[in-house]
$ cat data_17.txt   # compact mmCIF, C-alpha atoms and all ligand atoms
# COMPACT_ATOMS: atom_id res chain seq x y z
CA MET A 1 -16.58 7.07 11.89
CA THR A 2 -13.45 8.54 13.41
CA GLU A 3 -11.37 11.36 12.07
CA PRO A 4 -9.93 10.54 8.67
CA GLU A 5 -6.32 10.14 7.83
CA ASN A 6 -5.35 11.33 4.42
CA THR A 7 -2.82 8.79 3.29
CA GLN A 8 -1.13 10.10 0.22
CA THR A 9 0.30 7.17 -1.67
CA GLU A 10 2.37 7.77 -4.73
CA TRP A 11 -0.76 7.58 -6.87
CA ARG A 12 -3.90 8.46 -5.04
CA ASN A 13 -5.39 9.64 -1.77
CA PHE A 14 -7.12 7.33 0.65
CA TYR A 15 -9.07 9.25 3.29
CA GLY A 16 -10.12 6.45 5.67
CA ARG A 17 -8.24 4.86 8.55
CA ARG A 18 -5.57 2.22 7.97
CA HIS A 19 -4.84 1.49 11.65
CA GLY A 20 -6.91 1.39 14.83
CA LYS A 21 -6.38 -0.09 18.28
CA THR A 22 -3.25 -2.10 18.97
CA LEU A 23 -3.66 -5.57 17.53
CA ARG A 24 -3.98 -8.53 19.85
CA PRO A 25 -1.10 -11.06 19.69
CA SER A 26 -3.42 -13.58 18.00
CA GLN A 27 -4.31 -11.00 15.34
CA LYS A 28 -0.63 -10.28 14.69
CA THR A 29 -0.16 -14.01 14.21
CA TYR A 30 -3.01 -14.18 11.66
CA LEU A 31 -1.50 -11.29 9.73
CA SER A 32 2.00 -12.73 9.70
CA GLU A 33 0.97 -16.35 9.02
CA ASP A 34 -2.12 -16.15 6.81
CA LEU A 35 -2.20 -12.92 4.85
CA GLU A 36 0.58 -13.74 2.43
CA THR A 37 -1.18 -16.83 1.11
CA LEU A 38 -4.61 -15.17 0.97
CA ARG A 39 -3.43 -12.02 -0.78
CA PRO A 40 -3.69 -11.98 -4.60
CA ALA A 41 -0.20 -11.39 -6.00
CA GLY A 42 0.42 -8.49 -8.35
CA VAL A 43 -1.99 -5.91 -6.95
CA THR A 44 0.37 -3.41 -5.35
CA ARG A 45 2.47 -1.00 -7.38
CA GLU A 46 5.61 -2.37 -5.74
CA GLU A 47 4.86 -5.87 -7.05
CA ASN A 48 3.34 -4.82 -10.35
CA PRO A 49 4.58 -1.37 -11.36
CA GLU A 50 3.51 -1.92 -14.98
CA ARG A 51 -0.04 -2.72 -13.84
CA LEU A 52 -0.17 -5.96 -15.82
CA THR A 53 -3.59 -7.62 -15.80
CA LEU A 54 -4.06 -10.46 -13.30
CA ASP A 55 -5.42 -13.86 -14.23
CA PRO A 56 -8.36 -14.39 -11.82
CA SER A 57 -8.24 -18.16 -12.30
CA ALA A 58 -4.76 -18.09 -10.75
CA ILE A 59 -6.22 -16.61 -7.56
CA PHE A 60 -8.58 -19.49 -6.79
CA GLY A 61 -6.90 -22.16 -8.89
CA ASP A 62 -9.83 -22.70 -11.28
CA GLU A 63 -12.37 -20.89 -13.46
CA ARG A 64 -14.95 -20.29 -10.72
CA PRO A 65 -17.02 -17.07 -10.71
CA VAL A 66 -15.26 -14.24 -8.89
CA TRP A 67 -17.13 -11.88 -6.56
CA LEU A 68 -15.83 -8.73 -4.93
CA GLU A 69 -16.57 -7.10 -1.57
CA VAL A 70 -15.41 -3.52 -1.12
CA GLY A 71 -14.66 -2.42 2.46
CA PHE A 72 -15.50 -5.63 4.32
CA GLY A 73 -14.91 -4.07 7.76
CA GLY A 74 -14.79 -6.96 10.27
CA GLY A 75 -15.46 -9.50 7.51
CA GLU A 76 -18.72 -11.03 8.79
CA HIS A 77 -20.56 -10.65 5.47
CA LEU A 78 -17.56 -11.90 3.48
CA VAL A 79 -17.15 -15.09 5.53
CA HIS A 80 -20.90 -15.69 5.55
CA MET A 81 -21.08 -15.40 1.75
CA ALA A 82 -18.06 -17.66 1.30
CA ALA A 83 -19.76 -20.38 3.36
CA ARG A 84 -23.10 -19.87 1.60
CA TYR A 85 -21.57 -20.00 -1.90
CA PRO A 86 -18.65 -22.47 -1.80
CA GLU A 87 -18.66 -22.67 -5.61
CA VAL A 88 -17.57 -19.02 -6.04
CA GLY A 89 -14.38 -17.22 -5.04
CA ILE A 90 -14.74 -13.90 -3.26
CA ILE A 91 -12.05 -11.23 -3.05
CA GLY A 92 -12.43 -8.81 -0.16
CA CYS A 93 -10.72 -5.43 -0.09
CA GLU A 94 -10.12 -3.49 3.11
CA PRO A 95 -7.34 -0.99 3.88
CA PHE A 96 -8.11 -0.95 7.65
CA ILE A 97 -5.62 -3.47 8.96
CA ASN A 98 -7.53 -4.16 12.20
CA GLY A 99 -10.49 -5.24 10.03
CA VAL A 100 -8.21 -7.47 7.97
CA ALA A 101 -6.94 -9.10 11.17
CA MET A 102 -10.53 -9.69 12.35
CA LEU A 103 -11.40 -11.26 9.02
CA LEU A 104 -8.39 -13.57 9.15
CA GLY A 105 -9.51 -14.83 12.57
CA LYS A 106 -12.97 -15.54 11.15
CA ILE A 107 -11.50 -17.32 8.12
CA ARG A 108 -9.51 -19.61 10.44
CA ALA A 109 -12.57 -20.32 12.57
CA ALA A 110 -14.77 -21.03 9.54
CA GLY A 111 -12.12 -22.92 7.58
CA ALA A 112 -13.08 -20.96 4.46
CA THR A 113 -10.98 -21.77 1.41
CA ASN A 114 -12.74 -19.68 -1.26
CA LEU A 115 -11.67 -16.22 -0.10
CA ALA A 116 -8.86 -13.90 -1.11
CA VAL A 117 -7.94 -10.70 0.70
CA HIS A 118 -6.51 -7.50 -0.70
CA PRO A 119 -5.45 -5.50 2.37
CA GLY A 120 -5.77 -2.14 0.62
CA ASP A 121 -7.78 0.14 -1.58
CA ALA A 122 -10.26 -1.56 -3.94
CA ARG A 123 -9.13 0.78 -6.72
CA ASP A 124 -5.70 -0.88 -6.77
CA LEU A 125 -7.30 -4.29 -7.26
CA MET A 126 -9.83 -3.17 -9.87
CA GLU A 127 -7.05 -1.56 -11.87
CA VAL A 128 -5.40 -4.95 -12.47
CA LEU A 129 -8.48 -7.15 -12.89
CA PRO A 130 -9.54 -7.97 -16.46
CA GLU A 131 -12.68 -6.48 -17.99
CA ASN A 132 -15.90 -8.47 -17.35
CA SER A 133 -14.21 -10.64 -14.72
CA VAL A 134 -16.39 -9.97 -11.65
CA ALA A 135 -19.75 -11.70 -11.41
CA ARG A 136 -21.09 -9.89 -8.31
CA ALA A 137 -19.98 -6.99 -6.11
CA PHE A 138 -20.96 -5.85 -2.62
CA LEU A 139 -20.66 -2.40 -1.07
CA ASN A 140 -21.95 -2.64 2.49
CA TYR A 141 -22.21 0.51 4.55
CA PRO A 142 -19.59 2.52 2.70
CA ASP A 143 -18.04 5.44 4.57
CA PRO A 144 -20.78 8.12 4.59
CA TRP A 145 -18.64 11.26 4.41
CA PRO A 146 -21.53 13.39 5.70
CA LYS A 147 -20.13 16.84 4.96
CA ARG A 148 -21.13 18.12 1.54
CA ARG A 149 -17.58 19.06 0.61
CA HIS A 150 -16.54 15.45 1.31
CA HIS A 151 -19.22 13.80 -0.85
CA ARG A 152 -16.72 13.45 -3.66
CA ARG A 153 -14.75 11.05 -1.43
CA ARG A 154 -17.65 8.61 -1.39
CA PHE A 155 -17.30 5.29 -3.19
CA VAL A 156 -20.29 6.13 -5.39
CA THR A 157 -18.31 8.55 -7.53
CA ALA A 158 -16.98 8.08 -11.06
CA GLU A 159 -13.46 7.58 -9.70
CA HIS A 160 -14.58 4.29 -8.12
CA LEU A 161 -17.60 3.36 -10.22
CA ALA A 162 -15.91 3.56 -13.64
CA PRO A 163 -13.28 0.93 -12.71
CA LEU A 164 -15.98 -1.17 -11.04
CA ALA A 165 -18.13 -1.05 -14.19
CA ARG A 166 -15.11 -2.02 -16.28
CA VAL A 167 -14.36 -5.18 -14.28
CA MET A 168 -17.96 -6.33 -13.84
CA ALA A 169 -19.47 -8.73 -16.33
CA LYS A 170 -22.60 -7.74 -18.24
CA GLY A 171 -25.61 -8.76 -16.17
CA ALA A 172 -23.56 -8.98 -12.96
CA GLU A 173 -25.23 -7.78 -9.77
CA PHE A 174 -23.96 -4.86 -7.70
CA ARG A 175 -25.47 -4.61 -4.20
CA VAL A 176 -25.28 -1.52 -2.01
CA ALA A 177 -26.44 -1.28 1.62
CA THR A 178 -26.45 2.03 3.47
CA ASP A 179 -28.22 3.75 6.36
CA ILE A 180 -27.64 7.30 5.09
CA PRO A 181 -30.49 8.84 3.04
CA ASP A 182 -28.15 11.21 1.24
CA TYR A 183 -25.96 8.23 0.30
CA VAL A 184 -29.04 6.58 -1.23
CA ARG A 185 -29.64 9.77 -3.21
CA GLN A 186 -26.08 9.87 -4.54
CA THR A 187 -26.09 6.12 -5.28
CA LEU A 188 -29.30 6.40 -7.31
CA LYS A 189 -27.80 9.28 -9.27
CA GLU A 190 -24.25 8.06 -9.85
CA VAL A 191 -24.42 4.27 -10.21
CA PRO A 192 -26.72 4.31 -13.30
CA LYS A 193 -24.46 6.94 -14.88
CA ALA A 194 -21.60 4.46 -14.58
CA GLY A 195 -23.43 1.79 -16.61
CA PHE A 196 -25.65 -0.02 -14.11
CA ARG A 197 -29.44 -0.43 -14.02
CA LEU A 198 -31.43 -0.29 -10.78
CA VAL A 199 -33.42 -3.51 -10.36
CA GLY A 200 -34.56 -3.19 -6.76
CA GLN A 201 -34.41 -1.12 -3.62
CA GLY A 202 -36.11 -0.90 -0.25
CA ASP A 203 -35.92 -1.74 3.42
CA LYS A 204 -35.94 -5.54 2.97
CA PRO A 205 -32.50 -7.15 2.75
CA TRP A 206 -31.53 -9.84 0.27
CA ASP A 207 -32.49 -13.42 1.23
CA ASP A 208 -28.86 -14.34 1.82
CA TRP A 209 -27.99 -11.18 3.79
CA ILE A 210 -26.22 -11.21 7.13
CA SER A 211 -26.26 -8.05 9.18
CA THR A 212 -22.85 -6.37 9.50
CA ARG A 213 -21.22 -4.51 12.39
CA TYR A 214 -22.05 -1.15 10.83
CA GLU A 215 -25.64 -2.16 10.24
CA GLN A 216 -25.93 -3.16 13.90
CA LYS A 217 -24.50 0.22 14.91
CA ALA A 218 -26.94 2.01 12.59
CA LEU A 219 -29.90 0.11 14.06
CA ARG A 220 -28.77 0.85 17.64
CA GLU A 221 -28.56 4.52 16.74
CA GLY A 222 -32.02 4.53 15.14
CA ARG A 223 -31.06 4.72 11.46
CA ALA A 224 -32.90 2.60 8.88
CA PRO A 225 -31.02 0.33 6.46
CA HIS A 226 -31.69 0.71 2.76
CA TYR A 227 -30.73 -1.95 0.22
CA LEU A 228 -30.18 -1.29 -3.48
CA THR A 229 -29.57 -3.79 -6.27
CA PHE A 230 -28.12 -2.84 -9.65
CA VAL A 231 -27.22 -4.89 -12.69
CA ARG A 232 -24.34 -4.09 -15.02
CA ASP A 233 -25.77 -3.15 -18.42
C1 LIG H 1 -18.35 2.16 7.44
S1 LIG H 1 -17.22 0.84 7.18
C2 LIG H 1 -18.31 -0.55 6.88
C3 LIG H 1 -17.63 -1.88 7.07
C4 LIG H 1 -18.48 -3.12 6.77
N1 LIG H 1 -18.81 -3.24 5.37
C5 LIG H 1 -19.75 -3.17 7.60
O1 LIG H 1 -20.85 -3.05 7.03
O2 LIG H 1 -19.63 -3.34 8.84
C6 LIG H 1 -16.59 1.18 5.54
C7 LIG H 1 -15.31 0.44 5.24
O3 LIG H 1 -14.92 0.68 3.89
C8 LIG H 1 -13.51 0.73 3.83
N2 LIG H 1 -13.12 1.45 2.61
C9 LIG H 1 -13.21 2.76 2.38
N3 LIG H 1 -12.74 3.08 1.16
C10 LIG H 1 -12.33 1.91 0.61
C11 LIG H 1 -11.72 1.57 -0.64
N4 LIG H 1 -11.42 2.52 -1.54
N5 LIG H 1 -11.42 0.29 -0.87
C12 LIG H 1 -11.71 -0.67 0.04
N6 LIG H 1 -12.28 -0.41 1.24
C13 LIG H 1 -12.58 0.86 1.52
C14 LIG H 1 -13.12 1.43 5.12
O4 LIG H 1 -11.78 1.16 5.50
C15 LIG H 1 -14.14 0.88 6.11
O5 LIG H 1 -13.65 -0.25 6.81

$ encode --input "data_17.txt" --output "structure tokens"
Amino acid sequence: MTEPENTQTEWRNFYGRRHGKTLRPSQKTYLSEDLETLRPAGVTREENPERLTLDPSAIFGDERPVWLEVGFGGGEHLVHMAARYPEVGIIGCEPFINGVAMLLGKIRAAGATNLAVHPGDARDLMEVLPENSVARAFLNYPDPWPKRRHHRRRFVTAEHLAPLARVMAKGAEFRVATDIPDYVRQTLKEVPKAGFRLVGQGDKPWDDWISTRYEQKALREGRAPHYLTFVRD
């Protein structure tokens, strides 16, 4: 992970990166041509200052189950899941615009039609989703924030988990993958406190898993993946 930027929006801090290397011309084209139609309307404070609740069926045009991926990075898992489960709609959230551009390229190549993209903080999306509206959520290789004083920035804190628990349906699955033992520790402590039950963990991925860029980096650098599955109580 590179040095964080602390982007102070009007409402909350985001400590990750929003921009990386200069985008390729093709990526700029994807962002200008595709993002507007893939982006759920009414998520940003500019568009929805009153924070009115969205209607998820308006996002995909029908009553299909809605899944959520937080921090999709380059989007490989998101596009893989969309192809594997054409009957669901998956919303991916990612504030890092270079990752969003990579995803849009992959969506074009795959011809996926069951994805939506929120190019920002997952908290902004969760805030406007109805209660019990998400049938599955993925958190793959969340930012590790290794320094102890930064642990409170991790996704597995009440600030993120309480809104996630609110939007997830009872019995819905929440999957976490990480290569950081101390992240496993914090996940096992905090996620149950937020209203989830641990139903599985270990070094074997889910049957439908596809390895992500960060997992590949972790494996190259000798770190072991750990997979945790929770269910919303
Ligand atoms: C270590 S990367 C992992 C990316 C990808 N999931 C993978 O496995 O390759 C973590 C990602 O989470 C994103 N992220 C961090 N906080 C987030 C938040 N509050 N909402 C959505 N995405 C977030 C970061 O921008 C970053 O791209």

$ atom_distance --input "data_17.txt" --atom1 "atom CA of A:Gly200" --atom2 "atom CA of A:Phe138"
14.5 Å

$ residues_around --input "data_17.txt" --residues "A:Met126" --least-positions-apart "3" --cutoff "12 Å" --atoms "only C-alpha atoms" --output "NGL selection string"
:A and (40 or 42-44 or 51-54 or 56 or 67-70 or 91-93 or 118 or 120-123 or 129-134 or 137 or 159-168)

$ closest_residue --input "data_17.txt" --among "A:Ala172, A:Val88, A:Val156, A:Ala110" --to "ligand LIG 1 (chain H)" --atoms "only C-alpha atoms and all ligand atoms"
A:Val156

$ closest_residue --input "data_17.txt" --among "A:Lys106, A:Asn98, A:Arg223, A:Gly171" --to "A:Lys21" --atoms "only C-alpha atoms"
A:Asn98

$ residues_near_ligand --input "data_17.txt" --ligand "ligand LIG 1 (chain H)" --cutoff "6 Å" --atoms "only C-alpha atoms and all ligand atoms" --output "NGL selection string"
:A and (16-17 or 70-73 or 93-96 or 121-123 or 140-143 or 212-215)

$ write_last_selection --input "data_17.txt" --atoms "C-alpha atoms" --output "JSON list (two decimals), in the coordinates of the input"
[["chain", "number", "residue", "atom", "x", "y", "z"],
["A", 16, "GLY", "CA", -10.12, 6.45, 5.67],
["A", 17, "ARG", "CA", -8.24, 4.86, 8.55],
["A", 70, "VAL", "CA", -15.41, -3.52, -1.12],
["A", 71, "GLY", "CA", -14.66, -2.42, 2.46],
["A", 72, "PHE", "CA", -15.50, -5.63, 4.32],
["A", 73, "GLY", "CA", -14.91, -4.07, 7.76],
["A", 93, "CYS", "CA", -10.72, -5.43, -0.09],
["A", 94, "GLU", "CA", -10.12, -3.49, 3.11],
["A", 95, "PRO", "CA", -7.34, -0.99, 3.88],
["A", 96, "PHE", "CA", -8.11, -0.95, 7.65],
["A", 121, "ASP", "CA", -7.78, 0.14, -1.58],
["A", 122, "ALA", "CA", -10.26, -1.56, -3.94],
["A", 123, "ARG", "CA", -9.13, 0.78, -6.72],
["A", 140, "ASN", "CA", -21.95, -2.64, 2.49],
["A", 141, "TYR", "CA", -22.21, 0.51, 4.55],
["A", 142, "PRO", "CA", -19.59, 2.52, 2.70],
["A", 143, "ASP", "CA", -18.04, 5.44, 4.57],
["A", 212, "THR", "CA", -22.85, -6.37, 9.50],
["A", 213, "ARG", "CA", -21.22, -4.51, 12.39],
["A", 214, "TYR", "CA", -22.05, -1.15, 10.83],
["A", 215, "GLU", "CA", -25.64, -2.16, 10.24]]

$ atom_distance --input "data_17.txt" --atom1 "atom CA of A:Phe196" --atom2 "atom CA of A:Tyr85"
23.8 Å

$ closest_residue --input "data_17.txt" --among "A:Ala169, A:Ile210, A:Leu125, A:Leu198" --to "A:Met81" --atoms "only C-alpha atoms"
A:Ile210

$ closest_residue --input "data_17.txt" --among "A:Leu139, A:Gly105, A:Asn48, A:His77" --to "A:Lys28" --atoms "all atoms listed in the file"
A:Gly105

$ atom_distance --input "data_17.txt" --atom1 "atom CA of A:Val184" --atom2 "atom CA of A:His226"
7.6 Å

$ axis_aligned_box --input "data_17.txt" --around "stretch 167-180 of chain A" --padding-each-side "4 Å" --output "JSON"
{"center_x": -21.3, "center_y": -0.8, "center_z": -5.9, "size_x": 21.9, "size_y": 24.3, "size_z": 32.6}

$ closest_residue --input "data_17.txt" --among "A:Glu50, A:Tyr183, A:Met102, A:Lys217" --to "A:Arg24" --atoms "only C-alpha atoms"
A:Met102

$ closest_residue --input "data_17.txt" --among "A:Val231, A:Ile107, A:Ala82, A:Val176" --to "A:Asp203" --atoms "all atoms listed in the file"
A:Val176

$ residues_around --input "data_17.txt" --residues "A:Pro205" --least-positions-apart "2" --cutoff "10 Å" --atoms "all atoms listed in the file" --output "list in words"
Ala177, Gln201, Gly202, Asp203, Asp207, Asp208, Trp209, Ile210, Ser211, Pro225, His226, Tyr227 and Leu228 of chain A

$ decode --input "data_17.txt" --residues "stretch 154-215 of chain A" --atoms "C-alpha atoms" --output "tab-separated table (two decimals), in the first residue's frame"
chain	number	residue	atom	x	y	z
A	154	ARG	CA	-9.84	-0.57	9.09
A	155	PHE	CA	-13.13	-1.58	7.49
A	156	VAL	CA	-13.79	-4.02	10.33
A	157	THR	CA	-14.76	-1.28	12.76
A	158	ALA	CA	-18.21	-0.29	14.00
A	159	GLU	CA	-18.19	2.77	11.73
A	160	HIS	CA	-18.34	0.46	8.69
A	161	LEU	CA	-19.84	-2.71	10.14
A	162	ALA	CA	-22.93	-1.13	11.70
A	163	PRO	CA	-24.16	0.26	8.36
A	164	LEU	CA	-23.25	-3.02	6.66
A	165	ALA	CA	-25.26	-4.99	9.23
A	166	ARG	CA	-28.19	-2.64	8.73
A	167	VAL	CA	-28.37	-3.15	4.96
A	168	MET	CA	-27.76	-6.91	4.98
A	169	ALA	CA	-30.70	-9.29	5.07
A	170	LYS	CA	-31.01	-11.80	7.89
A	171	GLY	CA	-29.13	-14.94	6.89
A	172	ALA	CA	-27.09	-13.10	4.24
A	173	GLU	CA	-23.46	-14.11	3.86
A	174	PHE	CA	-20.54	-11.77	4.48
A	175	ARG	CA	-17.18	-13.00	3.15
A	176	VAL	CA	-13.82	-11.58	4.18
A	177	ALA	CA	-10.44	-12.50	2.66
A	178	THR	CA	-7.20	-11.18	4.11
A	179	ASP	CA	-3.52	-12.08	4.33
A	180	ILE	CA	-2.85	-10.17	7.55
A	181	PRO	CA	-3.05	-12.21	10.80
A	182	ASP	CA	-3.86	-9.15	12.88
A	183	TYR	CA	-6.69	-8.33	10.47
A	184	VAL	CA	-8.08	-11.82	11.06
A	185	ARG	CA	-7.91	-11.15	14.80
A	186	GLN	CA	-9.79	-7.86	14.51
A	187	THR	CA	-12.34	-9.36	12.09
A	188	LEU	CA	-13.11	-12.22	14.48
A	189	LYS	CA	-13.57	-9.73	17.31
A	190	GLU	CA	-15.52	-6.96	15.59
A	191	VAL	CA	-17.74	-8.62	12.98
A	192	PRO	CA	-19.72	-10.77	15.50
A	193	LYS	CA	-20.18	-7.67	17.68
A	194	ALA	CA	-21.90	-6.01	14.72
A	195	GLY	CA	-24.53	-8.78	14.44
A	196	PHE	CA	-22.89	-11.50	12.34
A	197	ARG	CA	-22.13	-15.13	13.19
A	198	LEU	CA	-18.94	-16.87	12.07
A	199	VAL	CA	-19.80	-19.96	10.02
A	200	GLY	CA	-16.40	-20.84	8.56
A	201	GLN	CA	-12.78	-19.83	8.29
A	202	GLY	CA	-9.50	-21.26	7.08
A	203	ASP	CA	-6.97	-21.37	4.28
A	204	LYS	CA	-9.32	-22.89	1.66
A	205	PRO	CA	-11.14	-20.36	-0.52
A	206	TRP	CA	-14.80	-20.57	-1.45
A	207	ASP	CA	-15.66	-22.85	-4.40
A	208	ASP	CA	-16.50	-19.87	-6.58
A	209	TRP	CA	-13.45	-17.80	-5.59
A	210	ILE	CA	-11.14	-16.13	-8.08
A	211	SER	CA	-7.80	-14.89	-6.84
A	212	THR	CA	-7.47	-11.09	-6.83
A	213	ARG	CA	-4.52	-8.83	-7.59
A	214	TYR	CA	-3.85	-8.28	-3.89
A	215	GLU	CA	-4.02	-11.99	-3.19
